[in-house]
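So the structure is just underneath, and the comments pick up after that.
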Amino acid sequence: TEERERRALHQLYYDPNIENKNLAQKWLMQAQVSPQAWQFCWALLSPDKVPEIQYFGASALHTKISRYWSDIPTDQYESLKTQLFSQIACFSSGSKMVLTRLCVALASLALNTMPEAWPGAVAEMVRVFQEEGGGVDGRARCLALLELLTVLPEEFQTSRLPQYRKGQVRGALGREWGSVCPLLQQLLRRTDSPGAVKARVLRCLSSWVLLDVPLNESEGLVQDCFSALPDPELFDTAVEAIVNAISQPDSQRYVNTLLKLVPQVLALQEQLREAVQNGDMETCHGICRIAVTLGENHSRTLLEQVDHWQSFLALVNMIMFCTGIPGHYPVNETTSSLTLTFWYTLQDEIMSFESDKQAVYLQVYRPVYFQLVDVLLHKAQFPSDQEYASWSSDEKEQFRIYRVDISDTLMYVYEMLGAELLSNLYDKLGRLLTNAEQPTSWQHTEALLYGFQSIAETIDVNYSDVIPGLIGLIPRININNVQLADTVMFTIGALAEWLADHPVMLSSVLPLVLQALGNPDLSVSSVSTLKKICRECKYDLPPYATNIVAVSQEVLIKQIHKTSQCMWLMQALGFLLSALPVEEILRNLHSLITPYIQQLEKLADETPNPSNKLAIIHILGLLSNLFTTLDISKQDDESADGSAPPVKTAPPPPGPNPVVVVLQQVFALIQTVLSKWLNDSQVVEAVCAIFEKSVKTLLHDFAPMVSQLSEMLGQMYSTIPQASALDLTRQMVHIFASETDHFPPIKALFELVTSVTLSIFQQGPRDHPDIVDSFMQLQAQVCFWFLISFTLGVLSLKFPEAPTVKSTCLFFTELLPRCSDVPPVARVVQEDGKLLIQAVLEGIGGGASRCLMDQFAEVLFSLNKHCFSLLAVWLKEALQPPGYPSSRVTTEQKDNFSHQILRERVNKRRVKDIVKEFTLLCRGLHGTEYAAEY
């Protein structure tokens with residue numbers, strides 16, 4: 001076996017053939033768990049083997065101990081432990097990776113035997129390694145012991161111990177800390193300890209504190225970690241250990257220890273300043289992590305220590321220094337982003353105190369938060385154009401995300417500072433823009449506006465008295481840069497609701513937005529801002545409508561914007577046109593849509609190919625986005641409390657809706673496009689989207705189109721069934737089902753769609769999950785329509801054509817399981833299930849071909865499985881009348897049939913046999929030669 005192991009390992013590591021590698025790996029995995037593993041593990045560890053083979057031996061040992069512990073006889077625990085100790089001693093000067101695996105194996109053994117079979121495990125480990133070991137030097141032994149002590153808590157975290165054992169073992173490990181702590185302290189404080197030993201001590205401490213070692217018990221060691229911070233070799237591991245120790249959930253109980261740690265953190269400010277001067281980002285990062293961890297995890301505890309308020313304020317100011325650390329994130333510094341969550345936490349804690357205490361804290365901390373706003377806006381500033389141009393796209397993206405985080409923080413801070421924050425920003429911006437002596441950098445202006453926009457985007461600023469002034473300042477900004485222009489746009493967009501209440505100010509900002517529309521670099525900001533203005537201020541825009549439409553048309557024709565922005569622009573125009581008189585809407589629609597219609601006519605004549613497909617989908621998308629928002633009903637103007645709409649609302653004008661007029665004009669063209677692209681689901685989807693968006697927006701105004709659209713949908717679906725056509729049918733059914741005038745075309749469409757879908761079910765519904773899904777949604781949409789499909793199904797069961805009856809049975813077996821999760825299905829089945837049973841019984845009683853009995857049995861089986869209690873009642877009632885379903889069966893035979901069916905809820909085959917037997921009785925064929933062949 002050992003030889004086979006060696007060969008397999010050689011294959012795994014050195015064979016270039018991936019097949020052989022995989023086979024070797026599979027074989028080795030099995031070998032690891034085989035009973036022989038105990039023998040070959042030790043053999044593979046012998047000194048003459050290469051490290052890879054030794055590593056496998058050690059791993060196999062760990063696997064056996066950690067996963068197959070129950071296979072190990074109790075009397076072998078001791079020898080296993082002794083062997084592992086001696087192997088670890090041998091490897092303490094050998095391969096590091098093998099040593100670690102052996103330590104993990106011994107750790108696993110300890111966890112499985114603590115505390116009963118191996119009490120004082122850790123104390124014994126320390127003792128064994130401190131005794132003189134056969135020729136192994138003291139430093140190597142010390143490092144091996146530290147490795148063992150480090151992996152022990154880590155192995156505990158990932159072990160598969162049962163829950164009750166985990167609690168016992170955690171307690172036992174907690175008691176062992178008394179043996180670990182003095183050893184770590186002694187090694188860390190000895191001046192002659194080598195750097196490698198101290199680094200391992202710090203790692204070991206990190207590992208143990210994750211077991212929730214009480215902070216007051218590790219206090220001395222944590223203070224020693226602070227002493228290790230000036231040593232560059234130990235800095236990272238010391239930071240990790242301190243952060244882990246003070247972020248343990250339990251640590252907030254130890255107030256006195258936390259209070260002792262604050263001055264130690266404050267003492268790091270000198271080292272922090274030096275690191276900033278030397279551009280040492282790693283050290284800045286590490287010290288900031290310590291300060292933020294203490295502040296974030298313990299702000300409430302430290303705020304409550306009122307006698308020490310100055311030292312906590314000093315810690316807050318130290319974190320402020322980290323927030324405002326010089327340099328541009330993420331290129332010259334990466335520290336400031338670590339601090340942002342601290343500011344949330346501190347604010348939450350302050351605001352959660354009862355009002356009198358809160359007032360005291362606000363007096364101290366409001367000025368701090370005003371300073372924070374200045375610092376954040378300074379950090380949000382773009383670098384010089386030249387520097388920014390040299391950044392990689394990844395750095396630019398990280399900076400963008402960082403600014404979003406700053407924006408969120410500012411929005412949050414507004415809760416504490418309120419309207420005064422806006423006044424503060426406005427004053428600064430005013431001074432900046434009106435100071436003629438000092439030329440300002442665009443970056444400074446942009447950052448202040450960004451602060452405004454961050455707040456206005458999510459907080460209702462309608463009552464703020466500084467907004468008129470701000471809107472007045474915007475036209476004075478010298479917009480000579482893309483980033484600044486973007487922020488100006490987003491700021492105007494954030495104020496759209498305010499503009500709706502103060503329409504007189506539109507004239508000062510709208511020209512800026514329309515000018516920006518022509519700049520491809522401002523695509524997202526200008527289009528989204530125009531959309532917001534058109535949505536919020538549409539009733540104030542008629543005087544500007546001609547201009548907005550003209551500029552929009554021009555940029556659309558020049559193809560300045562990408563697809564998604566073109567779609568937004570169409571939505572903006574839809575909002576805008578909604579508020580105009582009908583004849584103006586029609587005039588604008590005509591000029592807006594005509595170029596696209598002409599283009600579509602040309603495309604419809606061409607032979608289908610991938611590039612004209614994209615163009616067709618684009619044009620159809622533009623139309624459907626325009627119709628999504630073009631709504632002349634003014635229903636969205638009811639105020640939030642449901643009171644009457646504003647005075648400017650007039651009743652909708654008589655005559656057809658403008659969207660309907662346009663749709664009727666282009667209907668024939670759309671049909672032509674469809675006929676060529678009917679087998680392309682994306683084009684079909686784009687066509688359906690136009691009508692679906694229109695139906696959703698227009699609701700009953702869509703009525704004039706119902707019959708021609710129903711006809712087109714029916715033709716589409718009959719030729720090539722697609723889910724998007726079903727989804728559109730569902731919208732139509734939902735809105736027009738209850739209207740008598742439109743009932744015939746919709747009913748015809750519904751019946752057609754149902755029969756086509758049933759025939760798909762017959763071929764195998766599994767091949768068309770999207771159609772099945774859409775069909776079921778259509779069925780579940782409205783209970784009323786269920787009645788039709790249910791009644792339709794019941795009628796279909798009586799059809800003479802066997803294929804129709806088969807697919808109808810399939811429809812019911814697909815439908816009935818939905819009783820539990822689709823309430824309308826449950827309702828209809830409850831109300832009309834008896835009709836279904838009667839139709840099935842009539843078929844079994846002789847009304848249907850005998851080749852259909854299996855299908856009827858499936859329906860009965862499905863009813864029994866999903867509506868058991870109802871089925872029992874229905875069967876009893878349906879079979880009561882004498883001579884039904886056949887004059888040849890007695891009451892006793894009917895009862896017997898009923899009992900047999902109700903008993904079988906698992907065995908479908910048995911139900912089929914019961915049905916066949918009963919149908920023979922009903923037909924008078926039972927016991928005949930004819931029946932024997934059946």
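Convention: chains lettered A, B, ... in structure tokens order; per-chain residue numbering from 1; ligands numbered from 1 as shown.
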
message: Write out as a PyMOL selection string the set of residues from segment 252-374 of chain A that DSSP, computed on the backbone, places in alpha helix (DSSP H).
response: chain A and resi 255-266+269-277+281-304+309-323+340-352+355-374

- prompt: If you count only C-alpha atoms, which residues fall within 9 Å of Val662 of chain A, apart from same-chain ones fewer than 2 positions away, as a PyMOL selection string?
  reply: chain A and resi 586+589-590+593+657-660+664-667

Output N, CA, C and O atoms for every residue in the selection just made, as a PDB file, in the first residue's frame.
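Writing the result to selection_4.pdb gives the following:
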```
ATOM      1  N   LEU A 586     -50.664  65.099 -30.346  1.00  0.00           N
ATOM      2  CA  LEU A 586     -50.639  64.410 -31.647  1.00  0.00           C
ATOM      3  C   LEU A 586     -49.614  65.042 -32.583  1.00  0.00           C
ATOM      4  O   LEU A 586     -48.875  64.345 -33.276  1.00  0.00           O
ATOM      5  N   LEU A 589     -46.199  64.046 -31.306  1.00  0.00           N
ATOM      6  CA  LEU A 589     -45.966  62.614 -31.544  1.00  0.00           C
ATOM      7  C   LEU A 589     -45.631  62.383 -33.010  1.00  0.00           C
ATOM      8  O   LEU A 589     -44.731  61.614 -33.342  1.00  0.00           O
ATOM      9  N   HIS A 590     -46.373  63.083 -33.869  1.00  0.00           N
ATOM     10  CA  HIS A 590     -46.165  62.918 -35.309  1.00  0.00           C
ATOM     11  C   HIS A 590     -44.717  63.256 -35.670  1.00  0.00           C
ATOM     12  O   HIS A 590     -44.014  62.458 -36.292  1.00  0.00           O
ATOM     13  N   ILE A 593     -42.213  60.683 -33.941  1.00  0.00           N
ATOM     14  CA  ILE A 593     -42.202  59.261 -34.303  1.00  0.00           C
ATOM     15  C   ILE A 593     -41.979  59.025 -35.795  1.00  0.00           C
ATOM     16  O   ILE A 593     -41.416  58.015 -36.188  1.00  0.00           O
ATOM     17  N   ASN A 657     -57.636  58.163 -27.367  1.00  0.00           N
ATOM     18  CA  ASN A 657     -56.382  58.535 -26.712  1.00  0.00           C
ATOM     19  C   ASN A 657     -55.282  58.664 -27.783  1.00  0.00           C
ATOM     20  O   ASN A 657     -55.206  57.840 -28.690  1.00  0.00           O
ATOM     21  N   PRO A 658     -54.408  59.680 -27.659  1.00  0.00           N
ATOM     22  CA  PRO A 658     -53.352  59.869 -28.678  1.00  0.00           C
ATOM     23  C   PRO A 658     -52.504  58.623 -28.919  1.00  0.00           C
ATOM     24  O   PRO A 658     -52.115  58.335 -30.043  1.00  0.00           O
ATOM     25  N   VAL A 659     -52.235  57.878 -27.847  1.00  0.00           N
ATOM     26  CA  VAL A 659     -51.412  56.666 -28.018  1.00  0.00           C
ATOM     27  C   VAL A 659     -52.149  55.671 -28.918  1.00  0.00           C
ATOM     28  O   VAL A 659     -51.551  55.039 -29.794  1.00  0.00           O
ATOM     29  N   VAL A 660     -53.456  55.561 -28.704  1.00  0.00           N
ATOM     30  CA  VAL A 660     -54.249  54.640 -29.524  1.00  0.00           C
ATOM     31  C   VAL A 660     -54.214  55.091 -30.978  1.00  0.00           C
ATOM     32  O   VAL A 660     -54.057  54.278 -31.897  1.00  0.00           O
ATOM     33  N   GLN A 664     -52.837  52.712 -33.855  1.00  0.00           N
ATOM     34  CA  GLN A 664     -53.652  52.279 -34.992  1.00  0.00           C
ATOM     35  C   GLN A 664     -52.964  52.607 -36.315  1.00  0.00           C
ATOM     36  O   GLN A 664     -53.035  51.845 -37.274  1.00  0.00           O
ATOM     37  N   GLN A 665     -52.240  53.747 -36.317  1.00  0.00           N
ATOM     38  CA  GLN A 665     -51.532  54.120 -37.558  1.00  0.00           C
ATOM     39  C   GLN A 665     -50.387  53.149 -37.870  1.00  0.00           C
ATOM     40  O   GLN A 665     -50.110  52.864 -39.026  1.00  0.00           O
ATOM     41  N   VAL A 666     -49.724  52.660 -36.813  1.00  0.00           N
ATOM     42  CA  VAL A 666     -48.536  51.819 -37.082  1.00  0.00           C
ATOM     43  C   VAL A 666     -48.843  50.321 -36.986  1.00  0.00           C
ATOM     44  O   VAL A 666     -47.960  49.490 -37.156  1.00  0.00           O
ATOM     45  N   PHE A 667     -50.119  49.992 -36.729  1.00  0.00           N
ATOM     46  CA  PHE A 667     -50.467  48.593 -36.477  1.00  0.00           C
ATOM     47  C   PHE A 667     -50.092  47.678 -37.651  1.00  0.00           C
ATOM     48  O   PHE A 667     -49.477  46.628 -37.475  1.00  0.00           O
TER      49      PHE A 667
END
```

Determine, counting only C-alpha atoms, which protein, DNA and RNA residues have an atom within 12 Å of an atom of Met416 of chain A; residues of the same chain fewer than 2 positions away are not included. Present the result as a compact mmCIF listing (two decimals) with C-alpha atoms, in the first residue's frame.
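What ended up in selection_31.txt:
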```
# COMPACT_ATOMS: atom_id res chain seq x y z
CA TRP A 343 -19.35 58.22 12.32
CA TYR A 344 -22.64 56.39 11.79
CA LEU A 346 -21.26 57.39 17.14
CA GLN A 347 -24.25 59.36 15.85
CA ASP A 348 -26.61 56.42 16.47
CA GLU A 349 -25.38 56.11 20.05
CA ILE A 350 -25.73 59.86 20.74
CA MET A 351 -29.24 59.99 19.27
CA SER A 352 -30.34 56.94 21.28
CA GLN A 358 -28.62 63.78 24.35
CA ALA A 359 -28.61 67.59 24.65
CA TYR A 361 -23.66 65.19 24.03
CA LEU A 362 -24.94 67.28 21.11
CA GLN A 363 -23.34 70.36 22.64
CA TYR A 365 -20.40 66.67 19.23
CA ARG A 366 -22.39 68.94 16.87
CA PRO A 367 -19.27 71.09 16.23
CA VAL A 368 -17.34 67.84 15.61
CA TYR A 369 -19.89 66.77 13.00
CA PHE A 370 -19.80 70.19 11.28
CA VAL A 373 -18.71 67.64 6.88
CA THR A 409 -22.52 59.56 5.41
CA LEU A 410 -23.52 63.18 4.70
CA MET A 411 -27.14 62.19 4.28
CA TYR A 412 -26.95 60.45 7.64
CA VAL A 413 -25.21 63.37 9.35
CA TYR A 414 -28.06 65.63 8.17
CA GLY A 418 -30.59 69.46 10.21
CA ALA A 419 -31.31 72.60 8.21
CA GLU A 420 -28.25 74.37 9.62
CA LEU A 421 -26.11 72.01 7.54
```

message: as a PyMOL selection string, please: the residues near Lys538 of chain A (cut-off 9 Å, only C-alpha atoms, same-chain neighbours under 6 positions excluded).
response: chain A and resi 500+575-580

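Our summary of the geometry notes that atom CA of Tyr388 of chain A is positioned 23.5 Å from atom CA of Gln438 of chain A.
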
query: For the atom pair atom CA of Lys806 of chain A and atom CA of Leu871 of chain A, what is the interatomic distance in Å to one decimal place?
result: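 Calculated distance between atom CA of Lys806 of chain A and atom CA of Leu871 of chain A is 21.1 Å.
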
- request: Would you kindly return, as a VMD selection string, each protein, DNA or RNA residue with an atom no farther than 7 Å from any atom of segment 201-217 of chain A, considering only C-alpha atoms and excluding same-chain residues fewer than 5 positions away?
  value: chain A and resid 146 149 to 150 153 to 154 174 184 188 237 to 238 240 to 241 244 to 245 248 250 to 251 254 257

message: Here is a test: counting only C-alpha atoms, which residue of A:Met570, A:Ile406, A:Val128, A:Ala550 is nearest to Asn588 of chain A?
response: A:Ala550

- line: Between A:Glu917, A:Glu19, A:Glu601, A:Glu584, smallest distance to Thr546 of chain A by only C-alpha atoms belongs to A:Glu584

6 Å contact set for Gly57 of chain A, only C-alpha atoms, chain neighbours under 6 positions out, as a ChimeraX atom specification: /A:41,44-45

Writing out the chosen residues with N, CA, C and O atoms as a short mmCIF file (atom, residue, chain, number, x, y, z; two decimals), in the first residue's frame:
```
data_model
loop_
_atom_site.label_atom_id
_atom_site.label_comp_id
_atom_site.auth_asym_id
_atom_site.auth_seq_id
_atom_site.Cartn_x
_atom_site.Cartn_y
_atom_site.Cartn_z
N CYS A 41 0.19 5.96 7.23
CA CYS A 41 0.43 7.37 7.60
C CYS A 41 1.82 7.54 8.20
O CYS A 41 2.60 8.40 7.80
N LEU A 44 4.63 7.04 5.76
CA LEU A 44 4.83 8.16 4.82
C LEU A 44 5.55 9.34 5.48
O LEU A 44 6.07 10.21 4.80
N LEU A 45 5.55 9.36 6.81
CA LEU A 45 6.20 10.47 7.52
C LEU A 45 7.70 10.23 7.72
O LEU A 45 8.40 11.10 8.25
#
```

message: With distances taken over only C-alpha atoms, which residue among A:Arg141, A:His742, A:Arg910, A:His700 lies nearest Val126 of chain A?
response: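 Nearest candidate to Val126 of chain A out of A:Arg141, A:His742, A:Arg910, A:His700: A:Arg141.
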
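Going from atom CA of Gly846 of chain A to atom CA of Thr757 of chain A covers 27.8 Å.
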
message: At a cut-off of 9 Å, using only C-alpha atoms, what residues contact Leu148 of chain A? Leave out same-chain residues fewer than 2 positions from it and give the result as an NGL selection string.
response: :A and (100 or 102-104 or 106-107 or 125 or 143-146 or 150-152)

query: Hey, which of A:Cys142, A:Ala516, A:Leu879, A:Ile72 ends up closest to Thr113 of chain A? Count only C-alpha atoms.
result: A:Ile72
